[in-house]
Each structure stands twice: as structure tokens, then as C-alpha cells.
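Asks: The structure that follows is given in the form of C-alpha cells.
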Amino acid sequence: MSATTPAPQPGTPAQPPPLVVNIQYVKDLSFEVPGAPGVYSTLRAQPNVAINLDVQARRIAEGGNAYEVTLMIRAEATDPNAQSTGQAPAAVIFIAELTYAGVFTLSGLPANAVEPVLLVECPRVLFPFARNILADVTRDGGFPPVLLQPIDFVQLWQSRRAQQATPAAPVA
């Protein structure tokens, strides 16, 4: 069985899709290996990698319906076998920072749907590409690729809203 879409009636303007991806791009990319070249001969185990991820969205032009959504990912790897003295942090093996963005056009969405679309649906579109770039740059840097696990952008958005709704504790 096949589904068919009714043809638009002549004279009726076509309704634009509610979400259009105009472009995706690397806004910023940085990869550092502070201890190179020595780190390549002294690293004996897979590094510990800490990931920090943030999503931001902004309207491109006042009153417009085009938005830039930015996915910022920072991966910092440390040597699991480095001697830590409690005071000094473990030796940094590499730092990878990626800012991956897209320009999206939203049309016909109710006002209460704009924020979740920008902070949940748009990052879902961007994430697989950013994940691939981060894996490639760490692999090309001479290390095992950093493979990000899937991100629950709904939970990330809800926790951000909860933090914004919670008033700061009074200072005594």
C-alpha cells in the first residue's frame, strides 16, 4: 500500500516546511597536543576523555525567522597513568574544541514551540556531523577516535530550563 500526498490546489500558496536547514558549517575547530612529540612515546593506555557540550541559539536578524544554532564540544584527554600529586591535575594529552553550527529557518511554528525546536531538534540534526568531525580530528591527531555517545537533547534542554527557573540561593 502506498501513501499519496494530495496535490496543492491551484491558486493556494504552498505552505513552507516548519524547519528548513539552510547550511551547516564548522565555525571553530581547535586541536592541541601540549606534550607532543613526547606524549606519543610515553602514553601507555587509552587516555581518559572528559566531554563538555553546550547548545546555543540566536536569531540572525531582528524580527526574522532564521536562527543560528551552535553546538560546542570540548574533549580534554588526560593520561590515566600520570602521577597526580593531589595538587596538580593529571597531564593533559590533547584538547579538542569544536564549534559546529547551522542556520535554520522556522516557519509557522507556535511561539511555545520555537525554543524546543531550536534547542532539541536542530542539535539533533547537527550532532552526527559534529560527532564525525571530532572522531576524525582526534584520530588524525594520532589518538584513538573520540566517539561521542548519543545525546538526549530533550533532557539537556529540560535541565537547562530547570536551572534557569531555580533562583540562586541567598548569600548570608
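Just so we're on the same page: first chain in the C-alpha cells is A, next is B, and so on; residues restart at 1 for each chain, and ligands are numbered from 1 in the order they show up.
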Using only C-alpha atoms, which residues of region 7-64 of chain A come within 10 Å of region 111-120 of chain A, and what is the closest atom pair for each, with the distance in Å to one decimal? Give it as CSV, sorted by chain and residue number.
Replies:
```
residue,atom,partner,partner_atom,distance
A:Pro18,CA,A:Val117,CA,9.7
A:Leu19,CA,A:Val117,CA,8.4
A:Asp54,CA,A:Leu119,CA,9.9
A:Val55,CA,A:Leu119,CA,6.7
A:Gln56,CA,A:Leu119,CA,7.2
A:Ala57,CA,A:Leu118,CA,6.4
A:Arg58,CA,A:Leu118,CA,8.9
```
Asks: Could the residues in this selection be saved with C-alpha atoms as a PDB file, in the first residue's frame?
Replies:
```pdb
ATOM      1  CA  PRO A  18       8.246  24.301   9.636  1.00  0.00           C
ATOM      2  CA  LEU A  19      12.010  23.626   9.821  1.00  0.00           C
ATOM      3  CA  ASP A  54      26.703  23.144  25.100  1.00  0.00           C
ATOM      4  CA  VAL A  55      23.966  24.272  22.719  1.00  0.00           C
ATOM      5  CA  GLN A  56      23.169  27.896  21.920  1.00  0.00           C
ATOM      6  CA  ALA A  57      20.708  29.501  19.547  1.00  0.00           C
ATOM      7  CA  ARG A  58      20.310  33.060  18.360  1.00  0.00           C
TER       8      ARG A  58
END
```
Asks: Compile the contact shell of region 126-137 of chain A as a VMD selection string: residues with an atom at most 10 Å away, counting only C-alpha atoms, same-chain residues fewer than 6 positions apart removed.
Replies: chain A and resid 21 24 to 26 29 to 31 69 to 75 96 to 102 143 to 151 153
Asks: If you measure from CA of Asp79 (chain A) to CA of Leu53 (chain A), what distance in Å do you get, rounded to one decimal?
Replies: 21.2 Å
Asks: Using Å and a single decimal, report how far CA of Thr78 (chain A) sits from CA of Ala91 (chain A).
Replies: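 It comes out at 5.6 Å.
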Asks: Check the DSSP output for the backbone and give back, as a ChimeraX atom specification, the residues of region 35-119 of chain A in helix (DSSP H, G or I).
Replies: /A:38-42,111-119
Asks: Could you tell me how far CA of Ala77 (chain A) sits from CA of Tyr40 (chain A), in Å to one decimal place?
Replies: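 Taking CA of Tyr40 (chain A) as the start and CA of Ala77 (chain A) as the end point, the length is 13.2 Å.
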Asks: From region 3-161 of chain A, collect each residue whose DSSP state is strand (DSSP E or B) and return the set as a PyMOL selection string.
Replies: chain A and resi 19-32+48-59+66-78+92-106
